[in-house]
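So this one's upload.txt, compact mmCIF, C-alpha atoms and all ligand atoms:
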# COMPACT_ATOMS: atom_id res chain seq x y z
CA MET B 1 -23.22 -12.15 27.20
CA LYS B 2 -23.85 -9.14 29.40
CA ILE B 3 -20.96 -6.74 29.93
CA THR B 4 -21.34 -7.29 33.64
CA THR B 5 -20.57 -11.00 33.07
CA ILE B 6 -17.33 -10.03 31.35
CA GLN B 7 -16.43 -7.97 34.36
CA GLU B 8 -17.16 -10.90 36.70
CA LEU B 9 -15.36 -13.54 34.62
CA LEU B 10 -12.22 -11.40 34.34
CA ASP B 11 -12.49 -10.02 37.85
CA ALA B 12 -12.04 -6.63 36.21
CA LYS B 13 -12.24 -3.17 37.67
CA VAL B 14 -14.75 -0.94 35.87
CA LEU B 15 -13.41 2.55 35.13
CA CYS B 16 -16.41 4.25 33.53
CA CYS B 17 -19.93 3.91 32.16
CA GLU B 18 -21.16 1.48 34.86
CA GLU B 19 -24.70 2.30 33.71
CA SER B 20 -24.08 0.28 30.54
CA LEU B 21 -22.99 -2.95 32.28
CA GLY B 22 -26.38 -4.47 31.53
CA LYS B 23 -25.92 -4.23 27.77
CA HIS B 24 -25.55 -7.42 25.76
CA VAL B 25 -22.59 -8.14 23.50
CA TYR B 26 -22.22 -11.01 21.07
CA SER B 27 -18.58 -11.07 20.05
CA ALA B 28 -15.19 -9.65 20.88
CA CYS B 29 -11.70 -9.21 19.54
CA GLY B 30 -8.25 -8.96 21.08
CA SER B 31 -5.39 -7.01 19.52
CA ASP B 32 -2.63 -4.51 20.20
CA MET B 33 -2.57 -3.33 16.59
CA MET B 34 -5.29 -0.81 15.94
CA SER B 35 -5.29 -1.01 12.16
CA ASP B 36 -5.73 -4.76 12.42
CA VAL B 37 -8.78 -4.07 14.53
CA LEU B 38 -9.97 -1.61 11.91
CA ALA B 39 -9.37 -4.12 9.14
CA TYR B 40 -10.92 -7.32 10.35
CA VAL B 41 -13.54 -6.52 12.85
CA LYS B 42 -17.18 -6.31 12.06
CA ASP B 43 -19.80 -5.90 14.71
CA GLN B 44 -17.51 -6.95 17.51
CA ALA B 45 -18.63 -4.97 20.52
CA VAL B 46 -15.72 -5.65 22.86
CA LEU B 47 -12.04 -4.82 22.39
CA LEU B 48 -9.42 -6.50 24.58
CA THR B 49 -6.04 -4.83 24.34
CA GLY B 50 -2.73 -4.31 26.09
CA LEU B 51 -2.20 -1.01 24.29
CA VAL B 52 -2.86 2.16 26.26
CA ASN B 53 -3.29 5.41 24.36
CA PRO B 54 -6.20 7.59 23.22
CA GLN B 55 -6.21 5.90 19.80
CA VAL B 56 -7.58 2.78 21.47
CA VAL B 57 -10.70 4.71 22.46
CA ARG B 58 -10.99 6.40 19.07
CA THR B 59 -10.57 3.08 17.27
CA ALA B 60 -13.31 1.56 19.42
CA GLU B 61 -15.51 4.56 18.73
CA MET B 62 -14.92 4.28 14.96
CA MET B 63 -15.91 0.61 15.09
CA ASP B 64 -19.05 1.28 17.20
CA MET B 65 -17.62 -0.87 19.99
CA ILE B 66 -19.14 -0.44 23.43
CA CYS B 67 -16.59 -1.99 25.78
CA ILE B 68 -12.80 -1.86 26.14
CA VAL B 69 -10.94 -4.29 28.41
CA PHE B 70 -7.30 -3.54 29.26
CA VAL B 71 -5.30 -6.66 30.02
CA ARG B 72 -2.20 -7.11 32.21
CA SER B 73 -3.47 -4.50 34.69
CA LYS B 74 -2.89 -1.67 32.20
CA MET B 75 -4.28 1.59 33.50
CA PRO B 76 -5.52 4.28 31.09
CA SER B 77 -4.96 7.96 31.83
CA PRO B 78 -7.80 10.10 33.24
CA GLN B 79 -8.06 11.76 29.79
CA MET B 80 -8.62 8.37 28.16
CA ILE B 81 -11.27 7.46 30.70
CA GLU B 82 -12.96 10.79 30.06
CA LEU B 83 -12.86 10.18 26.29
CA ALA B 84 -14.49 6.77 26.80
CA ARG B 85 -17.14 8.26 29.07
CA GLU B 86 -17.98 10.93 26.47
CA ASN B 87 -18.52 8.20 23.93
CA GLY B 88 -20.46 5.90 26.24
CA ILE B 89 -17.85 3.14 26.12
CA VAL B 90 -17.49 0.91 29.19
CA MET B 91 -13.84 0.70 30.17
CA MET B 92 -12.35 -1.88 32.53
CA THR B 93 -9.00 -3.31 33.48
CA THR B 94 -8.06 -6.87 34.45
CA GLU B 95 -4.94 -8.57 35.81
CA ARG B 96 -5.37 -11.34 33.25
CA ARG B 97 -3.06 -11.53 30.31
CA MET B 98 -4.41 -11.28 26.77
CA TYR B 99 -4.39 -15.00 26.02
CA ASP B 100 -6.08 -15.92 29.28
CA ALA B 101 -8.66 -13.14 29.14
CA CYS B 102 -9.68 -14.06 25.60
CA GLY B 103 -9.76 -17.76 26.48
CA ILE B 104 -11.96 -17.22 29.50
CA LEU B 105 -14.49 -15.19 27.55
CA TYR B 106 -14.43 -17.58 24.62
CA THR B 107 -15.01 -20.72 26.66
CA ASN B 108 -17.86 -18.97 28.40
CA GLY B 109 -19.64 -18.39 25.13
CA LEU B 110 -18.39 -15.07 23.86
CA ILE B 111 -17.01 -16.38 20.62
CA GLY B 112 -15.35 -14.21 18.01
CA LYS B 113 -16.50 -13.91 14.46
CA LYS B 114 -15.31 -15.29 11.20
CA VAL B 115 -13.22 -12.77 9.29
CA VAL B 116 -15.54 -10.90 7.00
CA HIS B 117 -14.40 -8.12 4.76
CA VAL B 118 -16.91 -5.43 3.93
CA MET X 1 -30.03 18.51 1.63
CA SER X 2 -30.02 21.00 -1.20
CA GLU X 3 -26.55 22.43 -0.77
CA ASP X 4 -23.43 20.42 -0.12
CA LEU X 5 -22.32 20.35 3.50
CA VAL X 6 -18.61 20.90 3.95
CA PHE X 7 -16.50 20.24 7.05
CA HIS X 8 -12.91 21.40 7.28
CA PHE X 9 -10.24 20.32 9.78
CA ASP X 10 -6.59 21.06 10.41
CA VAL X 11 -4.80 17.88 11.42
CA ASP X 12 -1.96 18.55 13.85
CA GLY X 13 1.10 16.57 12.88
CA GLU X 14 2.99 17.20 16.11
CA ASN X 15 0.54 15.50 18.36
CA PHE X 16 -0.23 11.80 18.19
CA THR X 17 -2.53 12.08 21.20
CA SER X 18 -5.02 14.19 19.30
CA ALA X 19 -4.78 12.21 16.04
CA GLY X 20 -8.20 11.05 14.99
CA GLN X 21 -10.13 13.93 16.49
CA ALA X 22 -11.33 15.13 13.10
CA SER X 23 -12.69 11.68 12.29
CA VAL X 24 -14.49 11.47 15.63
CA GLN X 25 -16.08 14.85 14.90
CA VAL X 26 -17.11 13.80 11.39
CA LYS X 27 -18.69 10.68 12.81
CA LYS X 28 -20.76 12.84 15.18
CA ASN X 29 -21.80 15.17 12.36
CA LEU X 30 -22.86 12.28 10.12
CA ARG X 31 -24.89 10.77 12.96
CA GLN X 32 -26.77 14.04 13.28
CA LEU X 33 -27.59 13.89 9.59
CA GLY X 34 -29.28 10.56 10.24
CA LEU X 35 -27.20 8.49 7.81
CA SER X 36 -27.14 4.71 8.21
CA PRO X 37 -24.71 3.28 10.79
CA GLU X 38 -23.02 1.15 8.12
CA ILE X 39 -22.29 4.19 5.90
CA ILE X 40 -21.11 6.18 8.89
CA ARG X 41 -18.79 3.42 10.00
CA ARG X 42 -17.23 3.05 6.55
CA VAL X 43 -16.64 6.78 6.20
CA SER X 44 -15.24 7.21 9.67
CA ILE X 45 -12.86 4.24 9.52
CA ALA X 46 -11.49 5.33 6.13
CA MET X 47 -11.02 8.88 7.28
CA TYR X 48 -9.50 7.80 10.60
CA GLU X 49 -6.86 5.66 8.85
CA GLY X 50 -6.07 8.54 6.51
CA GLU X 51 -5.89 11.01 9.35
CA ILE X 52 -3.52 8.77 11.33
CA ASN X 53 -1.35 8.37 8.22
CA MET X 54 -1.10 12.14 7.85
CA VAL X 55 0.08 12.40 11.44
CA ILE X 56 2.56 9.52 11.50
CA HIS X 57 3.93 9.74 7.95
CA ALA X 58 3.45 13.32 6.79
CA GLY X 59 3.56 15.76 9.71
CA GLY X 60 -0.12 16.61 9.55
CA GLY X 61 -2.28 18.31 6.95
CA VAL X 62 -5.86 19.31 6.22
CA ALA X 63 -9.01 17.26 5.91
CA ASP X 64 -12.14 18.26 4.02
CA VAL X 65 -15.36 16.30 4.03
CA ARG X 66 -18.18 17.05 1.62
CA VAL X 67 -21.66 15.58 2.00
CA ASN X 68 -24.43 15.82 -0.58
CA GLU X 69 -27.36 13.67 -1.70
CA ASN X 70 -25.18 11.43 -3.82
CA TYR X 71 -21.99 10.83 -1.91
CA ILE X 72 -19.67 11.64 0.97
CA GLU X 73 -16.23 12.76 -0.17
CA ILE X 74 -13.16 12.87 2.05
CA VAL X 75 -10.09 14.78 0.86
CA LEU X 76 -6.89 14.49 2.91
CA GLU X 77 -4.04 16.75 1.87
CA ASP X 78 -0.55 16.88 3.30
CA HIS X 79 2.83 18.33 2.41
CA GLY X 80 4.81 15.38 3.72
CA PRO X 81 7.40 13.24 1.93
CA GLY X 82 4.98 11.74 -0.60
CA ILE X 83 4.68 8.02 -1.36
CA LYS X 84 7.46 6.58 -3.50
CA ASN X 85 5.74 3.43 -4.65
CA VAL X 86 1.95 3.63 -4.40
CA GLU X 87 1.39 0.11 -5.65
CA MET X 88 3.58 -1.25 -2.90
CA ALA X 89 2.04 1.02 -0.25
CA MET X 90 -1.39 -0.34 -1.17
CA GLN X 91 -0.37 -3.89 -0.31
CA GLU X 92 -1.50 -5.30 3.00
CA GLY X 93 1.40 -5.52 5.41
CA TYR X 94 3.63 -2.97 3.68
CA SER X 95 4.73 -0.31 6.12
CA THR X 96 7.67 2.03 6.54
CA ALA X 97 6.53 2.99 10.04
CA PRO X 98 9.37 2.98 12.58
CA ASP X 99 9.20 0.88 15.75
CA ASP X 100 8.02 3.74 17.93
CA VAL X 101 4.91 4.04 15.73
CA ARG X 102 4.38 0.29 15.99
CA SER X 103 4.46 0.48 19.76
CA LEU X 104 1.59 2.97 19.51
CA GLY X 105 -0.57 0.34 17.83
CA PHE X 106 -0.08 1.41 14.22
CA GLY X 107 2.27 0.43 11.42
CA ALA X 108 0.71 -2.90 10.43
CA GLY X 109 0.52 -1.75 6.84
CA MET X 110 -3.25 -2.08 6.83
CA GLY X 111 -4.35 1.56 6.60
CA LEU X 112 -4.38 2.22 2.86
CA PRO X 113 -5.90 -1.19 2.01
CA ASN X 114 -8.55 -0.54 4.68
CA MET X 115 -9.32 2.85 3.18
CA LYS X 116 -9.81 1.29 -0.22
CA ARG X 117 -11.92 -1.52 1.17
CA TYR X 118 -14.30 0.73 3.08
CA THR X 119 -14.87 3.29 0.30
CA ASP X 120 -16.37 3.11 -3.19
CA SER X 121 -13.53 5.00 -4.80
CA MET X 122 -10.10 6.16 -3.75
CA LYS X 123 -7.53 8.25 -5.62
CA ILE X 124 -3.97 8.91 -4.48
CA ASP X 125 -2.14 11.92 -5.91
CA THR X 126 1.36 11.98 -4.58
CA VAL X 127 4.64 13.63 -5.48
CA VAL X 128 7.80 12.60 -3.66
CA GLY X 129 9.13 15.55 -1.70
CA GLU X 130 5.92 17.57 -2.14
CA GLY X 131 3.08 15.74 -0.53
CA THR X 132 0.05 13.54 -0.88
CA THR X 133 -3.64 14.13 -1.53
CA ILE X 134 -6.04 11.26 -1.04
CA THR X 135 -9.62 11.55 -2.28
CA MET X 136 -12.16 8.96 -1.18
CA ARG X 137 -15.86 8.65 -1.86
CA VAL X 138 -18.64 6.64 -0.31
CA ASN X 139 -21.74 6.62 -2.48
CA LEU X 140 -25.14 7.24 -0.94
CA VAL X 141 -27.15 6.20 -3.99
N1 LIG C 1 0.18 10.53 3.82
C1 LIG C 1 1.28 9.80 3.60
N2 LIG C 1 2.47 10.40 3.32
C2 LIG C 1 3.59 9.68 3.09
N3 LIG C 1 3.62 8.33 3.11
C3 LIG C 1 2.47 7.67 3.37
C4 LIG C 1 1.26 8.36 3.63
N4 LIG C 1 0.28 7.44 3.84
C5 LIG C 1 0.88 6.25 3.72
N5 LIG C 1 2.19 6.36 3.44
C6 LIG C 1 3.16 5.28 3.17
O1 LIG C 1 2.46 4.11 2.81
C7 LIG C 1 2.75 3.05 3.73
C8 LIG C 1 1.53 2.19 3.91
O2 LIG C 1 0.48 2.94 4.56
P1 LIG C 1 -0.62 2.17 5.42
O3 LIG C 1 -1.54 3.16 6.00
O4 LIG C 1 -1.22 1.10 4.56
O5 LIG C 1 0.25 1.45 6.54
P2 LIG C 1 0.91 2.06 7.84
O6 LIG C 1 0.37 3.43 8.09
O7 LIG C 1 2.37 1.93 7.71
O8 LIG C 1 0.39 1.08 8.97
P3 LIG C 1 -1.12 1.03 9.55
O9 LIG C 1 -1.98 1.85 8.65
O10 LIG C 1 -1.48 -0.41 9.55
O11 LIG C 1 -1.04 1.59 10.91
C9 LIG C 1 3.22 3.74 4.98
O12 LIG C 1 4.03 2.92 5.79
C10 LIG C 1 4.00 4.93 4.41
O13 LIG C 1 5.27 4.52 3.93
MG MG C 2 -1.69 3.78 8.09

Rewrite the structure from the file as structure tokens, please.
Amino acid sequence: MKITTIQELLDAKVLCCEESLGKHVYSACGSDMMSDVLAYVKDQAVLLTGLVNPQVVRTAEMMDMICIVFVRSKMPSPQMIELARENGIVMMTTERRMYDACGILYTNGLIGKKVVHV
Amino acid sequence: MSEDLVFHFDVDGENFTSAGQASVQVKKNLRQLGLSPEIIRRVSIAMYEGEINMVIHAGGGVADVRVNENYIEIVLEDHGPGIKNVEMAMQEGYSTAPDDVRSLGFGAGMGLPNMKRYTDSMKIDTVVGEGTTITMRVNLV
């Protein structure tokens, strides 16, 4: 799925790195706990979260993720947007709640991944 | 590389907003060295978890990363409260983090197990009331 499709499906507002909307992603994960993300995710390129602080961007960066979607209309600070831009991570925000946002992406073909430990 | 490369960072324990900056910088440095993305990811996740722990549990500390032909070594040293029961702390889900830490997205009790999982070796030296030093290695050969 292209990142631009995620934006359309979730009717999300893009906050930075529009130039990367054409990139393809193959799986995603949704969580508000960053060390759960760090534990179970492998090669997921998209992070959906309701948590808003700079650690969300750093966690995504550590995991080589390329897109962060904030649910429930959460709005990151300008510093967070700048941090994402520096790292080339597309950031967007949607009115959808976590469950709905994940469900919409999943039913449209962006399935998650089986839990694999390194 | 003929000589070991060494990176040193002070990790500010007063500031959760900046927590993780050292790990982000190390990730950049390792990319410049042309190491494989998989190795880089393992090192940076392990260091990031350790760095966050130093900030939320120990009031900050210092981080040293050494890179040579054979391995990447991360040493995280703090003078925090120490870990009373290491065996318990190593279990997934064990956390003493207060609720305010949990609302920041941490405190799932996954950090130490993650660090062990992503590295080839991990040693915890800790003395209650004095501090904790964690040494992790990711082998390159
Ligand atoms: N540097 C440290 N100094 C003192 N105690 C520590 C330190 N690192 C870890 N601990 C103790 O070990 C426990 C387990 O650590 P671990 O990183 O696995 O989980 P956590 O930090 O509580 O949550 P998470 O890592 O999932 O955000 C902590 O809750 C804390 O009690
Ligand atoms: Mg931790």

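Contact shell of X:Leu35 at 12 Å (all atoms listed in the file; same-chain neighbours under 5 positions omitted): Val26, Lys27, Lys28, Asn29, Leu30, Ile40, Arg41, Arg42, Val43, Val67, Asn68, Glu69, Tyr71, Ile72, Val138, Asn139 and Leu140 of chain X.
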
Distance atom CA of B:Lys23-atom CA of X:Glu49, one decimal place?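 So the answer is 28.6 Å.
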
Residues of chain X within 6 Å of chain B, using only C-alpha atoms, as a PyMOL selection string? chain X and resi 45+105-106+110+114

Using all atoms listed in the file, collect all residues at a distance of at most 9 Å from (-11.7, -6.8, 20.5) as written in the file, then present them as a tab-separated table (two decimals) with C-alpha atoms, keeping the file's coordinate frame.
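Dumped to part_38.tsv:
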chain	number	residue	atom	x	y	z
B	27	SER	CA	-18.58	-11.07	20.05
B	28	ALA	CA	-15.19	-9.65	20.88
B	29	CYS	CA	-11.70	-9.21	19.54
B	30	GLY	CA	-8.25	-8.96	21.08
B	31	SER	CA	-5.39	-7.01	19.52
B	37	VAL	CA	-8.78	-4.07	14.53
B	41	VAL	CA	-13.54	-6.52	12.85
B	44	GLN	CA	-17.51	-6.95	17.51
B	45	ALA	CA	-18.63	-4.97	20.52
B	46	VAL	CA	-15.72	-5.65	22.86
B	47	LEU	CA	-12.04	-4.82	22.39
B	48	LEU	CA	-9.42	-6.50	24.58
B	49	THR	CA	-6.04	-4.83	24.34
B	60	ALA	CA	-13.31	1.56	19.42
B	65	MET	CA	-17.62	-0.87	19.99
B	67	CYS	CA	-16.59	-1.99	25.78
B	68	ILE	CA	-12.80	-1.86	26.14
B	69	VAL	CA	-10.94	-4.29	28.41
B	112	GLY	CA	-15.35	-14.21	18.01

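Between atom CA of B:Val90 and atom CA of B:Gln7 the separation is 10.3 Å.
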
Neighbours of ligand MG 2 (chain C) within 7 Å, counting only C-alpha atoms and all ligand atoms, as a ChimeraX atom specification? /X:49-50,52-53,106-107,109-112
